Amino acid sequence: MEYTINEVAGIIGSTIPPVHETRIGILLTDSRRVSSPEASLFFALKTRTNDGHKYLDELYRLGVRNFVVCDLPPNMPEMPGANFLKVKDTLKALQKLAVHHRRRFEIPVVGIAGSNGKTIVKEFLYQLLRKEFHIVRSPRSFNSQLGVPLSVWEMNPQHTLGIFEAGISKPDEMEVLEPIIAPTIGVFTGIGEAHQENFVSMYRKCMEKLMLFAHSEAVVYNADNAFVGNCIEASLLAHRAVGWSRVNSEAPLFIEEVRKTDTETHLACRIMGMRQTYTIPFTDEASIENVIHCLGVMLYLKPTVVRDRTRFERLEAVEMRLEVLQGVRNCLLINDAYNSDIHSLGIALDFMQSRRAGKDLTSTLILSDILQSGFLPKSLYKKVADLVRRRKVQRLIGIGRDITEHGALFDIPRKEFYRTTADFLNSPSLRTLENEIVLLKGSRRFRFEEIAERLEKKVHETILEVNLDAVAHNFNSYRALLRPETKIIAMLKAFGYGVGSGELAKTLQEYRCDYLAVALTDEGVELRREGISIPILVMNPEMSNFHHLEENLLEPEVYSFRLLEAMIRETQRRGIIAYPVHIKIDTGMHRLGFRPSDVPQIAALVRKQTGISVRSVFSHLVASDSPAFDAFTRGQIETFRQAARSLEDELGYPLARHILNSAGIERFPEEQMEMVRLGIGLYGVSVNGNKELQNVATLRSLILQIQDVPAGDSVGYSRQSYATENSRIAVIPIGYADGLNRQLGNGVGAVWIKNRLCPIIGNICMDTTLVDVTATDACEGDAVIVFGEAYPITRLAHKLNTIPYEILTSISPRVKRIYYKE
C-alpha cells in the first residue's frame, strides 16, 4: 500500500511540511538496503551505536528523496527535490505510522509473546492455516521496537490473517508494540530468563509481556504453569484466556495423552469435550508445546480446521537460520529456506548482493512458487520480477507451476523454469552451475534441501559454525562503550582468528566498521578480492610486496627506521604522494615498534619528503586484562600519550591515536582516544567477564561409530588408556590434523554430547578421537560439540593452559566453515 508524503507528514506530526508531492510504499531504516529509492521513505534512526543522519548524503546520491529526521542536515540547500519531515524521535514516528497503518485493517491478527518459541509458533501457524487464509507474518524474528512496525507495514488488502511476534528486553516496550500489532488473538509461549537483568522480578517481566494482549479477544497459554496463570489473573485476562492443560480435564483444550516413538509424537486431546488424535513429526518437548499452542489458536480462530489431522502430520521443522556454504564448481551457496514470501525474498537478495561484491561470480536465484501470498499470481510475479530486476540477479531458475506460467514477466539475461524440483535435478542445468553465487529460496513442499545436498561441497563431517549475527552483536556491544566519534579497527589476523576473514569482513563492512587489520599483505589482498572496500591496516608488511600494498590501497604499520626509509624510497620511486602509514611506538611490549625517544628522528624523516603521510600512531598494551598490572598499563598509556603528542607537534598535523585492545575497551574506556582495536572480544571472548557477548564459533562433529569395550581393554594408540568398566566408546571424525590438541587425550579433555561432558579416552589420532559415552544414551550420528555455547572455548583453553586465540587459529583449513544468520 502507498501513502502520499503529505499523508505521512500528517500522521507522524512533522513540524515541516513536504515540499514535493510523491507517493511512499517502502519504509527504509538501513542505508545499505536501497532498492526502489523513488518510493522509499528513510527514517534516520539514532541508536546507542549509530546515527542514521550520517547517511543522508549517501542516500541522496542513491536517489532517495524522502527523509524523516530529528536534525535537519546543514547542507539541505544542496539537496534539491528532497523532502525532510522533522520529528522529535524518528523511531516513535515510524511506530506511529505503523499504528495508523494497522488500524486500516479489520482482519484477525495473532500476536505472540513469551521468552521462547515465538518464531516457531508463528511458522507452525503459517503451515497449519495457509490453506484457509492469506497470511502476512513477521519476516524472520522481526519482533523488536523496530522490527514490529516494519512487519506490520507489510499488511495489504489481500491479506486475511496477520501473525506477528513481539519481543521485549526492558520495561515499557510492550506498551509501544501493543497498538502496532493490536492482536485479536494472543499466544503466550511462557516465561524464561532472557533479559531478566532489565526487570526487577520475573513477575514484572511476565506482566509486561502480557500487556500485548490488553485488548485481545482471547489469549492461548499453558494453564498448567501456575506462575503464568497467576499473572494472567493479575492482568485481568482470565475471562479471555484459552488455557490448555495436561492435568485439568475441564480445560477447553485437554491433552489426555502424549505418547512418543523414535520419530514422532501421538497426542490425544479433548477439544470442547470431543476427542481428537494427532500425530506430529517431533519428539522434543518444546515442539510439542508449540503445536499445542497452535491447536489453541485454531480452536478459537477456525474450529473446523482442527479436524484435519493430516496437516499436523505434514508439519515441517522450522530452519531458523540462513546459511552460507561452499559449493561445488567454485560456487557459493546461500541456503535460505526459512521463509518463502516476497518480503523475506528481498532480505535474502540483499544479503546475496552484499556477499557478491568484489567477486567475479554470477548471481543466481533458484526460486520456487511463493504459496499463499494473498496476491493473484500475475500480480505476485510482477512484483517478484521487479524485485529480481532491482537486485540485479543475473540468472533465474524458477521451479513450480505458477512461476513457470508467468516466466515471461522476468526480464533477465538467463532464465529457465521447471515444474518440479525433480525436473530440475534431472536436467543438465544443475551441472552448469559454476562460478556462481546461488541463493536457494523455496517453499517447503518443493524440498530444496535436495538441491542443497547436490550443490554443497562435501569436505568433512566436522564443521566450524560461525554465527554472523553474534559477530554483529559483539561489534555493536563494544561500539556502545565508545564515543560516537571513536573509530574501531577490527582485527582479522590469521584468517579472522581461524574462523574465516572474508565473511567476517563483509559483515563488519555492512555494520559500518571503520577499519580492518590483518597481519600480512596477502591477507589484505584477499579481502580486497572479496569486495572489501573499507581501509585495511597491515600489521607486518613486507617491502618486497609494496606493489601489492599500493594496488590494493593497504595501509602499512611502520615500526622501524629500516621500514620507514624503505617506504619513503618506494613512494618516491613510484611518484606517490602522501601514502598513509601507521607509526607504532613500543611502550613496554618490546616486540615491534619505535622507542618514544625516536620520535624527533621519525618526524624529521617524514617532514623532508612527500611520499608518505602518517595517518595514525599506536601502541600495544601488555596486560590490560590483568588488574594486578594496572599501574604498568596506566604507565604505558601515559608514555604513549606523550610520544603521540610529541609526534603531532613535530609533524604539525593531528594524528589518530589508538592503544586500547578488547580488554582495554572494557576496562579503560576513558582512554579510547580517536581509535581502538577490537580483537578477541569480537569473537565472543571477554577476559573481563563481559556477559553481553555472544558465542561466535562452534566446532561441531558427530559420532561415527560406538564400540562396546570390555573392562580392562586398552583404548587407542600406545595403550595409554584402559576401560575401567564395560564401556561404550564413541569414535568422532576429528583429530590433531583438524586442530584438536593431542594434549587433550587420555582423560584431560572432554566433548559435549547429549547435554553432558564426555571424557576423551586414549591418544588423539590424526583424523579421529575416542570418547567415553558410557554414561549417556548416545547413538551413532549424534552431535558432538568440541567447543561452543554449551562448552565455551575458554574452558577448553583452561584445560590446555593456553588462550582461546591459539585454539581458534589452530583449526585446520580442511574443517569446513559454515556461516549463518538467525
# chains A, B, ... in the order shown; residues from 1 in each chain; ligands from 1
call {"tool": "select_by_dssp", "arguments": {"residues": "segment 592-800 of chain A", "states": "strand (DSSP E or B)", "output": "MDAnalysis selection string"}}
result
chainID A and resid 594 612:618 656:658 675:678 697:702 705:709 714:715 721:722 727:732 750:753 756:760 769:772 783:787
call {"tool": "write_last_selection", "arguments": {"atoms": "N, CA and C atoms", "output": "compact mmCIF listing (two decimals), in the first residue's frame"}}
result
# COMPACT_ATOMS: atom_id res chain seq x y z
N PHE A 594 58.93 1.67 17.40
CA PHE A 594 59.94 2.68 17.70
C PHE A 594 59.96 2.95 19.20
N ILE A 612 54.98 9.71 1.90
CA ILE A 612 54.10 9.11 2.90
C ILE A 612 53.52 10.18 3.81
N SER A 613 52.40 9.85 4.41
CA SER A 613 51.77 10.71 5.40
C SER A 613 51.33 9.83 6.56
N VAL A 614 51.60 10.26 7.77
CA VAL A 614 51.26 9.45 8.94
C VAL A 614 49.77 9.63 9.25
N ARG A 615 49.05 8.53 9.20
CA ARG A 615 47.61 8.58 9.47
C ARG A 615 47.31 8.34 10.95
N SER A 616 48.06 7.42 11.58
CA SER A 616 47.81 7.16 12.99
C SER A 616 49.10 6.78 13.68
N VAL A 617 49.09 6.88 14.99
CA VAL A 617 50.19 6.43 15.83
C VAL A 617 49.57 5.55 16.90
N PHE A 618 50.25 4.43 17.22
CA PHE A 618 49.61 3.49 18.14
C PHE A 618 50.64 2.71 18.92
N ALA A 656 45.42 10.22 14.35
CA ALA A 656 44.56 9.31 15.11
C ALA A 656 45.46 8.48 16.03
N ARG A 657 45.03 8.32 17.29
CA ARG A 657 45.81 7.57 18.26
C ARG A 657 45.01 6.37 18.73
N HIS A 658 45.70 5.22 18.91
CA HIS A 658 44.99 4.05 19.43
C HIS A 658 45.95 3.16 20.20
N MET A 675 40.83 6.13 18.16
CA MET A 675 40.56 4.81 17.61
C MET A 675 40.83 3.75 18.68
N VAL A 676 40.23 2.58 18.48
CA VAL A 676 40.52 1.41 19.33
C VAL A 676 40.65 0.20 18.41
N ARG A 677 41.27 -0.85 18.94
CA ARG A 677 41.42 -2.09 18.16
C ARG A 677 40.65 -3.21 18.84
N LEU A 678 39.68 -3.75 18.12
CA LEU A 678 38.82 -4.81 18.67
C LEU A 678 39.27 -6.16 18.15
N ALA A 697 31.73 -18.88 17.43
CA ALA A 697 32.18 -20.09 16.72
C ALA A 697 31.85 -21.35 17.51
N THR A 698 31.34 -22.35 16.83
CA THR A 698 31.06 -23.66 17.41
C THR A 698 31.73 -24.73 16.56
N LEU A 699 32.63 -25.49 17.17
CA LEU A 699 33.28 -26.61 16.49
C LEU A 699 32.45 -27.85 16.76
N ARG A 700 31.88 -28.38 15.70
CA ARG A 700 30.87 -29.43 15.81
C ARG A 700 31.30 -30.67 15.02
N SER A 701 31.02 -31.84 15.57
CA SER A 701 31.28 -33.08 14.85
C SER A 701 30.11 -34.04 15.11
N LEU A 702 30.31 -35.32 14.87
CA LEU A 702 29.27 -36.31 15.13
C LEU A 702 29.91 -37.66 15.46
N GLN A 705 30.85 -44.06 15.06
CA GLN A 705 30.61 -45.44 15.48
C GLN A 705 30.73 -45.52 17.00
N ILE A 706 30.03 -46.47 17.59
CA ILE A 706 30.18 -46.73 19.02
C ILE A 706 30.62 -48.18 19.21
N GLN A 707 31.73 -48.34 19.92
CA GLN A 707 32.29 -49.66 20.19
C GLN A 707 32.00 -50.07 21.63
N ASP A 708 31.60 -51.33 21.84
CA ASP A 708 31.48 -51.87 23.20
C ASP A 708 32.84 -52.44 23.60
N VAL A 709 33.45 -51.85 24.62
CA VAL A 709 34.80 -52.24 25.04
C VAL A 709 34.72 -52.86 26.44
N SER A 714 42.57 -51.96 26.53
CA SER A 714 43.13 -50.63 26.24
C SER A 714 42.37 -50.00 25.09
N VAL A 715 42.45 -48.67 25.04
CA VAL A 715 41.75 -47.90 24.01
C VAL A 715 42.74 -46.96 23.35
N SER A 721 45.39 -45.60 27.67
CA SER A 721 44.16 -45.56 28.46
C SER A 721 43.50 -46.94 28.43
N TYR A 722 42.82 -47.27 29.53
CA TYR A 722 42.14 -48.55 29.66
C TYR A 722 40.70 -48.32 30.14
N SER A 727 32.49 -50.57 28.78
CA SER A 727 32.31 -49.18 28.33
C SER A 727 31.78 -49.09 26.90
N ARG A 728 31.20 -47.94 26.62
CA ARG A 728 30.78 -47.60 25.25
C ARG A 728 31.70 -46.47 24.78
N ILE A 729 32.47 -46.74 23.74
CA ILE A 729 33.46 -45.79 23.26
C ILE A 729 33.02 -45.28 21.88
N ALA A 730 32.85 -43.96 21.79
CA ALA A 730 32.43 -43.34 20.53
C ALA A 730 33.64 -42.86 19.75
N VAL A 731 33.55 -43.01 18.42
CA VAL A 731 34.59 -42.52 17.52
C VAL A 731 34.05 -41.28 16.82
N ILE A 732 34.78 -40.17 16.91
CA ILE A 732 34.35 -38.94 16.24
C ILE A 732 35.42 -38.51 15.23
N ALA A 750 37.47 -33.15 27.18
CA ALA A 750 36.14 -33.75 27.05
C ALA A 750 35.40 -33.03 25.94
N VAL A 751 34.34 -33.64 25.46
CA VAL A 751 33.46 -33.01 24.47
C VAL A 751 32.02 -33.11 24.98
N TRP A 752 31.15 -32.31 24.39
CA TRP A 752 29.77 -32.20 24.86
C TRP A 752 28.87 -33.07 23.99
N ILE A 753 28.27 -34.08 24.60
CA ILE A 753 27.37 -35.00 23.89
C ILE A 753 26.15 -35.23 24.77
N ARG A 756 25.91 -33.42 28.21
CA ARG A 756 26.88 -33.66 29.28
C ARG A 756 28.28 -33.79 28.70
N LEU A 757 29.28 -33.56 29.54
CA LEU A 757 30.66 -33.71 29.11
C LEU A 757 31.06 -35.17 29.13
N CYS A 758 31.65 -35.60 28.04
CA CYS A 758 32.13 -36.98 27.91
C CYS A 758 33.64 -36.95 27.72
N PRO A 759 34.40 -37.68 28.57
CA PRO A 759 35.86 -37.59 28.53
C PRO A 759 36.47 -38.22 27.28
N ILE A 760 37.53 -37.57 26.79
CA ILE A 760 38.32 -38.15 25.71
C ILE A 760 39.18 -39.26 26.31
N THR A 769 39.06 -39.18 17.12
CA THR A 769 39.22 -39.12 18.57
C THR A 769 38.23 -40.08 19.20
N LEU A 770 38.62 -40.70 20.30
CA LEU A 770 37.77 -41.65 21.01
C LEU A 770 37.24 -41.01 22.28
N VAL A 771 35.96 -41.22 22.54
CA VAL A 771 35.28 -40.57 23.65
C VAL A 771 34.46 -41.59 24.42
N ASP A 772 34.52 -41.54 25.73
CA ASP A 772 33.76 -42.46 26.57
C ASP A 772 32.34 -41.93 26.75
N ALA A 783 25.14 -35.54 17.63
CA ALA A 783 26.00 -34.36 17.55
C ALA A 783 27.04 -34.35 18.66
N VAL A 784 28.20 -33.81 18.34
CA VAL A 784 29.30 -33.64 19.29
C VAL A 784 29.76 -32.18 19.22
N ILE A 785 29.84 -31.52 20.37
CA ILE A 785 30.34 -30.15 20.43
C ILE A 785 31.72 -30.17 21.07
N VAL A 786 32.72 -29.73 20.31
CA VAL A 786 34.08 -29.64 20.85
C VAL A 786 34.21 -28.35 21.65
N PHE A 787 33.70 -27.25 21.12
CA PHE A 787 33.52 -26.03 21.90
C PHE A 787 32.40 -25.22 21.26
call {"tool": "residues_around", "arguments": {"residues": "Ala604 of chain A", "least_positions_apart": "3", "cutoff": "12 Å", "atoms": "only C-alpha atoms", "output": "list in words"}}
result
Phe561, Leu564, Glu565, Asp598, Val599, Pro600, Gln601, Arg607, Lys608, Gln609, Leu647, Asp649, Glu650, Leu651 and Gly652 of chain A
call {"tool": "write_last_selection", "arguments": {"atoms": "N, CA and C atoms", "output": "PDB file, in the first residue's frame"}}
result
ATOM      1  N   PHE A 561      63.098   2.143  11.579  1.00  0.00           N
ATOM      2  CA  PHE A 561      63.664   3.088  10.613  1.00  0.00           C
ATOM      3  C   PHE A 561      63.948   2.399   9.284  1.00  0.00           C
ATOM      4  N   LEU A 564      60.649   2.410   7.593  1.00  0.00           N
ATOM      5  CA  LEU A 564      60.243   3.773   7.268  1.00  0.00           C
ATOM      6  C   LEU A 564      61.012   4.292   6.062  1.00  0.00           C
ATOM      7  N   GLU A 565      62.338   4.101   6.058  1.00  0.00           N
ATOM      8  CA  GLU A 565      63.158   4.580   4.945  1.00  0.00           C
ATOM      9  C   GLU A 565      62.829   3.830   3.662  1.00  0.00           C
ATOM     10  N   ASP A 598      62.623   8.008  19.776  1.00  0.00           N
ATOM     11  CA  ASP A 598      62.868   8.079  18.333  1.00  0.00           C
ATOM     12  C   ASP A 598      61.970   9.096  17.634  1.00  0.00           C
ATOM     13  N   VAL A 599      61.007   9.641  18.351  1.00  0.00           N
ATOM     14  CA  VAL A 599      60.001  10.489  17.715  1.00  0.00           C
ATOM     15  C   VAL A 599      60.613  11.650  16.932  1.00  0.00           C
ATOM     16  N   PRO A 600      61.586  12.415  17.484  1.00  0.00           N
ATOM     17  CA  PRO A 600      62.141  13.538  16.695  1.00  0.00           C
ATOM     18  C   PRO A 600      62.742  13.074  15.368  1.00  0.00           C
ATOM     19  N   GLN A 601      63.431  11.936  15.384  1.00  0.00           N
ATOM     20  CA  GLN A 601      64.044  11.442  14.151  1.00  0.00           C
ATOM     21  C   GLN A 601      62.988  10.972  13.156  1.00  0.00           C
ATOM     22  N   ARG A 607      59.043  14.796   7.578  1.00  0.00           N
ATOM     23  CA  ARG A 607      58.861  16.183   7.143  1.00  0.00           C
ATOM     24  C   ARG A 607      59.591  16.483   5.836  1.00  0.00           C
ATOM     25  N   LYS A 608      60.712  15.840   5.591  1.00  0.00           N
ATOM     26  CA  LYS A 608      61.519  16.211   4.426  1.00  0.00           C
ATOM     27  C   LYS A 608      61.173  15.398   3.175  1.00  0.00           C
ATOM     28  N   GLN A 609      60.041  14.754   3.164  1.00  0.00           N
ATOM     29  CA  GLN A 609      59.604  14.005   1.977  1.00  0.00           C
ATOM     30  C   GLN A 609      58.109  14.178   1.791  1.00  0.00           C
ATOM     31  N   LEU A 647      54.887  13.588  18.511  1.00  0.00           N
ATOM     32  CA  LEU A 647      54.890  13.344  17.073  1.00  0.00           C
ATOM     33  C   LEU A 647      53.955  14.307  16.355  1.00  0.00           C
ATOM     34  N   ASP A 649      53.096  17.310  17.372  1.00  0.00           N
ATOM     35  CA  ASP A 649      53.711  18.636  17.402  1.00  0.00           C
ATOM     36  C   ASP A 649      54.816  18.750  16.363  1.00  0.00           C
ATOM     37  N   GLU A 650      55.636  17.713  16.245  1.00  0.00           N
ATOM     38  CA  GLU A 650      56.758  17.743  15.303  1.00  0.00           C
ATOM     39  C   GLU A 650      56.279  17.746  13.843  1.00  0.00           C
ATOM     40  N   LEU A 651      55.183  16.988  13.572  1.00  0.00           N
ATOM     41  CA  LEU A 651      54.695  16.894  12.195  1.00  0.00           C
ATOM     42  C   LEU A 651      53.824  18.079  11.807  1.00  0.00           C
ATOM     43  N   GLY A 652      53.159  18.647  12.802  1.00  0.00           N
ATOM     44  CA  GLY A 652      52.335  19.815  12.527  1.00  0.00           C
ATOM     45  C   GLY A 652      50.937  19.506  12.043  1.00  0.00           C
TER      46      GLY A 652
END
call {"tool": "closest_residue", "arguments": {"among": "A:Ile342, A:Leu396, A:Leu380, A:Val622", "to": "Leu367 of chain A", "atoms": "only C-alpha atoms"}}
result
A:Leu396
call {"tool": "residues_around", "arguments": {"residues": "Ala317 of chain A", "least_positions_apart": "6", "cutoff": "10 Å", "atoms": "only C-alpha atoms", "output": "ChimeraX atom specification"}}
result
/A:120,123-124,281-282,287,338,444
call {"tool": "closest_residue", "arguments": {"among": "A:Leu481, A:Ile451, A:Ile107, A:Ile734", "to": "Glu670 of chain A", "atoms": "only C-alpha atoms"}}
result
A:Leu481
call {"tool": "residues_around", "arguments": {"residues": "Ser141 of chain A", "least_positions_apart": "5", "cutoff": "8 Å", "atoms": "only C-alpha atoms", "output": "ChimeraX atom specification"}}
result
/A:119,147,165
call {"tool": "residues_around", "arguments": {"residues": "Ser812 of chain A", "least_positions_apart": "2", "cutoff": "9 Å", "atoms": "only C-alpha atoms", "output": "PyMOL selection string"}}
result
chain A and resi 498+736-740+809-810+814-816
call {"tool": "select_by_dssp", "arguments": {"residues": "segment 55-284 of chain A", "states": "helix (DSSP H, G or I)", "output": "PyMOL selection string"}}
result
chain A and resi 55-61+76-78+90-102+118-129+147-152+173-181+196-198+202-213+226-234+238-240
call {"tool": "closest_residue", "arguments": {"among": "A:Met202, A:Met543, A:Ile489, A:Ala663", "to": "Arg569 of chain A", "atoms": "only C-alpha atoms"}}
result
A:Met543
call {"tool": "residues_around", "arguments": {"residues": "segment 401-414 of chain A", "least_positions_apart": "3", "cutoff": "7 Å", "atoms": "only C-alpha atoms", "output": "VMD selection string"}}
result
chain A and resid 369 377 to 378 381 to 382 385 394 to 396 398 417 to 419
call {"tool": "atom_distance", "arguments": {"atom1": "atom CA of Glu313 of chain A", "atom2": "atom CA of Ile280 of chain A"}}
result
4.9 Å
call {"tool": "residues_around", "arguments": {"residues": "segment 800-808 of chain A", "least_positions_apart": "4", "cutoff": "12 Å", "atoms": "only C-alpha atoms", "output": "NGL selection string"}}
result
:A and (464 or 466 or 492-500 or 679-687 or 696-699 or 736 or 738-745 or 748-750 or 786-788 or 792-796 or 812-813 or 815)
call {"tool": "closest_residue", "arguments": {"among": "A:Arg275, A:Arg573, A:Lys584, A:Arg645", "to": "Leu621 of chain A", "atoms": "only C-alpha atoms"}}
result
A:Lys584
call {"tool": "closest_atom_pairs", "arguments": {"of": "segment 108-145 of chain A", "to": "segment 289-300 of chain A", "cutoff": "10 Å", "atoms": "only C-alpha atoms", "output": "Markdown table"}}
result
| residue | atom | partner | partner_atom | distance |
| --- | --- | --- | --- | --- |
| A:Val110 | CA | A:Val297 | CA | 8.2 |
| A:Asn116 | CA | A:Asn290 | CA | 9.7 |
| A:Gly117 | CA | A:Asn290 | CA | 6.8 |
| A:Lys118 | CA | A:Asn290 | CA | 8.6 |
| A:Thr119 | CA | A:Asn290 | CA | 9.9 |
| A:Ile120 | CA | A:Asn290 | CA | 7.1 |
| A:Val121 | CA | A:Asn290 | CA | 5.5 |
| A:Lys122 | CA | A:Cys294 | CA | 8.6 |
| A:Glu123 | CA | A:Cys294 | CA | 9.9 |
| A:Phe124 | CA | A:Cys294 | CA | 7.1 |
| A:Leu125 | CA | A:Cys294 | CA | 6.0 |
| A:Tyr126 | CA | A:Cys294 | CA | 9.7 |
| A:Leu128 | CA | A:Cys294 | CA | 8.3 |
| A:Leu129 | CA | A:Met298 | CA | 8.1 |
call {"tool": "closest_residue", "arguments": {"among": "A:Ser344, A:Ile5, A:Ser597, A:Asp51", "to": "Arg512 of chain A", "atoms": "only C-alpha atoms"}}
result
A:Asp51
